[in-house]
Amino acid sequence: MTAAPPTGARSYARRCAQALNAFHSIPYFTADLGDALAEFGVTDPSSVQLASRAAPLGPVGAPLMTAVFNAFAPGFLAERVPALWGMVSPERVLAAREKAAGAALERLLGADALHSDAMVEAADLAMAAASGLSFPGRPLYAANAALPRPGVPHIALWHAATMLREHRGDGHITVLGHFELTGVEALVLDCASERGMAKELVMPQRGWTEDEWSAAQARLLARGLMGGEGALTARGTALRHEIERETDRLDRAPYASLGAADTEKLAKYVHRLVNSAAGSGAFIPQLRGYFAPDTETWNKR
């Protein structure tokens, strides 16, 4: 029987995943990606994100996108996806997102950070963690893993962060299915938690209607996971923690292969990059603490 990793190794694996997810998210909060896709007629922010994340899969239809993007409303996808690939090809989206990620990071982080030895090392560490992972059950990870490594270190780091974000997200959907939670139910549960995003930001961005959101709340109430005032019950809080633990368990391979010391080094460096980008205005004020917590808060996670 394999011994469990030490507590510190587990802790930095999660914190590394959090930092890399935030780093991956940076272009979605800047104008660069939206401006790049606007010339093709893709102007809705949700469609910009969908196109960018789905492009590695090819011109997939709404049913497959619904299966892969669990958090988005099926009706919302059915309305947008058929027209999306008529406006812009996945190949053009891939080129646009790489260019936009590079431009956003160059502006937010500055030349010294981008051209440093630390950036080169971080890109190599992140690519090492993101490479060679299992494909079954990981469609978004597999699709991104099939793309070539960018030749510029900071864009390579962003690409690796994207691979690792999708690897964790694919596993998270598996965990939600195990606990019989739909995409909207998982969002409601998360928004009601102490560290979740605000409903006002999440619900419209993911395309859920007020009726769909309320119906999900009612189902969680019936399961004893939420109270009548919309707060999580003790059972709901315990389930949310268990979901995170299981997601961590399914996401352990990248950081186990990297090793505890390099995982900690990568986590700390990317966290500093994210906070630097946040200080330059990368995230809207309501989400700065979510994506870029101060070091003391981050160290407790």
# chains A, B, ... in the order shown; residues from 1 in each chain; ligands from 1
>>> residues_around(residues="Ser193 of chain A", least_positions_apart="6", cutoff="8 Å", atoms="only C-alpha atoms", output="ChimeraX atom specification")
/A:231-232,237
>>> select_by_dssp(residues="segment 147-295 of chain A", states="alpha helix (DSSP H)", output="PyMOL selection string")
chain A and resi 153-178+183-191+199-205+210-222+234-250+253-258+260-279+285-291+295
>>> closest_atom_pairs(of="segment 19-53 of chain A", to="segment 204-226 of chain A", cutoff="10 Å", atoms="only C-alpha atoms", output="CSV")
residue,atom,partner,partner_atom,distance
A:Asp44,CA,A:Gln205,CA,9.9
A:Pro45,CA,A:Gln205,CA,7.9
A:Ser46,CA,A:Gln205,CA,5.9
A:Ser47,CA,A:Gln205,CA,9.5
A:Gln49,CA,A:Gln205,CA,9.7
A:Leu50,CA,A:Arg206,CA,9.9
>>> residues_around(residues="Gly196 of chain A", least_positions_apart="6", cutoff="10 Å", atoms="only C-alpha atoms", output="ChimeraX atom specification")
/A:187-190,202,290
>>> write_last_selection(atoms="N, CA and C atoms", output="mmCIF file, in the first residue's frame")
data_model
loop_
_atom_site.group_PDB
_atom_site.id
_atom_site.type_symbol
_atom_site.label_atom_id
_atom_site.label_comp_id
_atom_site.auth_asym_id
_atom_site.auth_seq_id
_atom_site.Cartn_x
_atom_site.Cartn_y
_atom_site.Cartn_z
ATOM 1 N N LEU A 187 -22.976 24.944 -8.949
ATOM 2 C CA LEU A 187 -22.757 26.389 -8.895
ATOM 3 C C LEU A 187 -23.493 27.023 -7.728
ATOM 4 N N VAL A 188 -24.740 26.623 -7.520
ATOM 5 C CA VAL A 188 -25.523 27.161 -6.403
ATOM 6 C C VAL A 188 -24.834 26.823 -5.085
ATOM 7 N N LEU A 189 -24.370 25.594 -4.970
ATOM 8 C CA LEU A 189 -23.685 25.155 -3.754
ATOM 9 C C LEU A 189 -22.435 25.981 -3.516
ATOM 10 N N ASP A 190 -21.680 26.224 -4.586
ATOM 11 C CA ASP A 190 -20.437 26.978 -4.450
ATOM 12 C C ASP A 190 -20.716 28.444 -4.116
ATOM 13 N N VAL A 202 -22.000 34.844 -11.474
ATOM 14 C CA VAL A 202 -21.920 33.496 -12.039
ATOM 15 C C VAL A 202 -23.127 33.143 -12.895
ATOM 16 N N TYR A 290 -10.691 36.447 -4.875
ATOM 17 C CA TYR A 290 -10.951 35.059 -5.274
ATOM 18 C C TYR A 290 -9.763 34.497 -6.051
#
>>> atom_distance(atom1="atom CA of Asp248 of chain A", atom2="atom CA of Gly236 of chain A")
18.4 Å
>>> closest_atom_pairs(of="segment 24-143 of chain A", to="segment 164-170 of chain A", cutoff="8 Å", atoms="only C-alpha atoms", output="Markdown table")
| residue | atom | partner | partner_atom | distance |
| --- | --- | --- | --- | --- |
| A:His24 | CA | A:Arg165 | CA | 7.3 |
| A:Val68 | CA | A:Asp170 | CA | 7.9 |
| A:Ala129 | CA | A:Leu164 | CA | 8.0 |
| A:Ala130 | CA | A:Leu164 | CA | 5.7 |
| A:Gly137 | CA | A:Asp170 | CA | 7.0 |
| A:Arg138 | CA | A:Asp170 | CA | 5.2 |
| A:Pro139 | CA | A:Asp170 | CA | 7.1 |
| A:Leu140 | CA | A:Glu166 | CA | 5.6 |
| A:Tyr141 | CA | A:His167 | CA | 4.8 |
>>> write_last_selection(atoms="all heavy atoms", output="PDB file, in the first residue's frame")
ATOM      1  N   HIS A  24      -4.225  31.013 -15.678  1.00  0.00           N
ATOM      2  CA  HIS A  24      -4.960  30.673 -16.902  1.00  0.00           C
ATOM      3  C   HIS A  24      -6.106  31.647 -17.157  1.00  0.00           C
ATOM      4  O   HIS A  24      -6.401  31.984 -18.315  1.00  0.00           O
ATOM      5  CB  HIS A  24      -5.515  29.246 -16.772  1.00  0.00           C
ATOM      6  CG  HIS A  24      -6.778  29.004 -17.533  1.00  0.00           C
ATOM      7  ND1 HIS A  24      -6.802  28.659 -18.873  1.00  0.00           N
ATOM      8  CD2 HIS A  24      -8.080  29.070 -17.141  1.00  0.00           C
ATOM      9  CE1 HIS A  24      -8.052  28.527 -19.268  1.00  0.00           C
ATOM     10  NE2 HIS A  24      -8.841  28.766 -18.250  1.00  0.00           N
ATOM     11  N   VAL A  68     -19.188  18.589 -22.006  1.00  0.00           N
ATOM     12  CA  VAL A  68     -17.839  18.967 -21.584  1.00  0.00           C
ATOM     13  C   VAL A  68     -17.861  20.157 -20.640  1.00  0.00           C
ATOM     14  O   VAL A  68     -17.123  20.190 -19.657  1.00  0.00           O
ATOM     15  CB  VAL A  68     -16.967  19.261 -22.821  1.00  0.00           C
ATOM     16  CG1 VAL A  68     -15.614  19.809 -22.403  1.00  0.00           C
ATOM     17  CG2 VAL A  68     -16.779  17.997 -23.649  1.00  0.00           C
ATOM     18  N   ALA A 129       4.737  19.100 -15.329  1.00  0.00           N
ATOM     19  CA  ALA A 129       3.574  18.635 -14.574  1.00  0.00           C
ATOM     20  C   ALA A 129       2.411  18.303 -15.492  1.00  0.00           C
ATOM     21  O   ALA A 129       1.652  17.354 -15.243  1.00  0.00           O
ATOM     22  CB  ALA A 129       3.160  19.704 -13.561  1.00  0.00           C
ATOM     23  N   ALA A 130       2.258  19.086 -16.579  1.00  0.00           N
ATOM     24  CA  ALA A 130       1.080  18.958 -17.443  1.00  0.00           C
ATOM     25  C   ALA A 130       1.227  17.888 -18.514  1.00  0.00           C
ATOM     26  O   ALA A 130       0.238  17.517 -19.147  1.00  0.00           O
ATOM     27  CB  ALA A 130       0.796  20.304 -18.117  1.00  0.00           C
ATOM     28  N   GLY A 137     -11.465  10.091 -19.883  1.00  0.00           N
ATOM     29  CA  GLY A 137     -12.271  10.894 -18.977  1.00  0.00           C
ATOM     30  C   GLY A 137     -11.813  12.333 -18.862  1.00  0.00           C
ATOM     31  O   GLY A 137     -12.360  13.088 -18.052  1.00  0.00           O
ATOM     32  N   ARG A 138     -10.841  12.751 -19.671  1.00  0.00           N
ATOM     33  CA  ARG A 138     -10.279  14.109 -19.592  1.00  0.00           C
ATOM     34  C   ARG A 138     -10.314  14.774 -20.978  1.00  0.00           C
ATOM     35  O   ARG A 138      -9.289  15.083 -21.566  1.00  0.00           O
ATOM     36  CB  ARG A 138      -8.832  14.065 -19.105  1.00  0.00           C
ATOM     37  CG  ARG A 138      -8.589  13.209 -17.871  1.00  0.00           C
ATOM     38  CD  ARG A 138      -8.831  13.965 -16.607  1.00  0.00           C
ATOM     39  NE  ARG A 138      -8.460  13.162 -15.444  1.00  0.00           N
ATOM     40  CZ  ARG A 138      -8.442  13.593 -14.196  1.00  0.00           C
ATOM     41  NH1 ARG A 138      -8.769  14.857 -13.959  1.00  0.00           N
ATOM     42  NH2 ARG A 138      -8.111  12.805 -13.200  1.00  0.00           N
ATOM     43  N   PRO A 139     -11.483  15.031 -21.539  1.00  0.00           N
ATOM     44  CA  PRO A 139     -11.545  15.529 -22.921  1.00  0.00           C
ATOM     45  C   PRO A 139     -10.897  16.887 -23.121  1.00  0.00           C
ATOM     46  O   PRO A 139     -10.185  17.091 -24.119  1.00  0.00           O
ATOM     47  CB  PRO A 139     -13.048  15.578 -23.212  1.00  0.00           C
ATOM     48  CG  PRO A 139     -13.709  15.642 -21.865  1.00  0.00           C
ATOM     49  CD  PRO A 139     -12.828  14.829 -20.971  1.00  0.00           C
ATOM     50  N   LEU A 140     -11.110  17.833 -22.212  1.00  0.00           N
ATOM     51  CA  LEU A 140     -10.519  19.152 -22.403  1.00  0.00           C
ATOM     52  C   LEU A 140      -9.015  19.129 -22.164  1.00  0.00           C
ATOM     53  O   LEU A 140      -8.255  19.820 -22.850  1.00  0.00           O
ATOM     54  CB  LEU A 140     -11.193  20.174 -21.490  1.00  0.00           C
ATOM     55  CG  LEU A 140     -12.524  20.712 -22.009  1.00  0.00           C
ATOM     56  CD1 LEU A 140     -13.207  21.578 -20.958  1.00  0.00           C
ATOM     57  CD2 LEU A 140     -12.323  21.510 -23.294  1.00  0.00           C
ATOM     58  N   TYR A 141      -8.577  18.348 -21.195  1.00  0.00           N
ATOM     59  CA  TYR A 141      -7.134  18.206 -21.002  1.00  0.00           C
ATOM     60  C   TYR A 141      -6.499  17.579 -22.233  1.00  0.00           C
ATOM     61  O   TYR A 141      -5.485  18.081 -22.758  1.00  0.00           O
ATOM     62  CB  TYR A 141      -6.816  17.357 -19.769  1.00  0.00           C
ATOM     63  CG  TYR A 141      -5.369  16.904 -19.778  1.00  0.00           C
ATOM     64  CD1 TYR A 141      -4.350  17.812 -19.534  1.00  0.00           C
ATOM     65  CD2 TYR A 141      -5.027  15.588 -20.120  1.00  0.00           C
ATOM     66  CE1 TYR A 141      -3.015  17.427 -19.608  1.00  0.00           C
ATOM     67  CE2 TYR A 141      -3.699  15.195 -20.192  1.00  0.00           C
ATOM     68  CZ  TYR A 141      -2.692  16.119 -19.937  1.00  0.00           C
ATOM     69  OH  TYR A 141      -1.376  15.745 -20.026  1.00  0.00           O
TER      70      TYR A 141
END
>>> closest_residue(among="A:Gly281, A:Ala143, A:Arg195, A:Asp124", to="Pro56 of chain A", atoms="only C-alpha atoms")
A:Ala143
>>> residues_around(residues="segment 76-92 of chain A", least_positions_apart="3", cutoff="6 Å", atoms="only C-alpha atoms", output="list in words")
Phe40, Ala55, Gly58, Ala62, Ala73, Ala95 and Gly207 of chain A
>>> closest_residue(among="A:Ala292, A:Ala54, A:Met203, A:Leu94", to="Val270 of chain A", atoms="only C-alpha atoms")
A:Ala292
>>> atom_distance(atom1="atom CA of Cys16 of chain A", atom2="atom CA of Ala122 of chain A")
11.7 Å
>>> closest_residue(among="A:Ile155, A:Ala118, A:Ala22, A:Leu133", to="Ala104 of chain A", atoms="only C-alpha atoms")
A:Ile155
>>> residues_around(residues="Arg245 of chain A", least_positions_apart="6", cutoff="12 Å", atoms="only C-alpha atoms", output="ChimeraX atom specification")
/A:10-11,13-14,168,171-172,175-176,238-239,251-252
>>> residues_around(residues="segment 100-102 of chain A", least_positions_apart="4", cutoff="7 Å", atoms="only C-alpha atoms", output="list of chain:residue names")
A:Pro27, A:Asp32, A:Leu33, A:Ala96, A:Glu106, A:Ile155
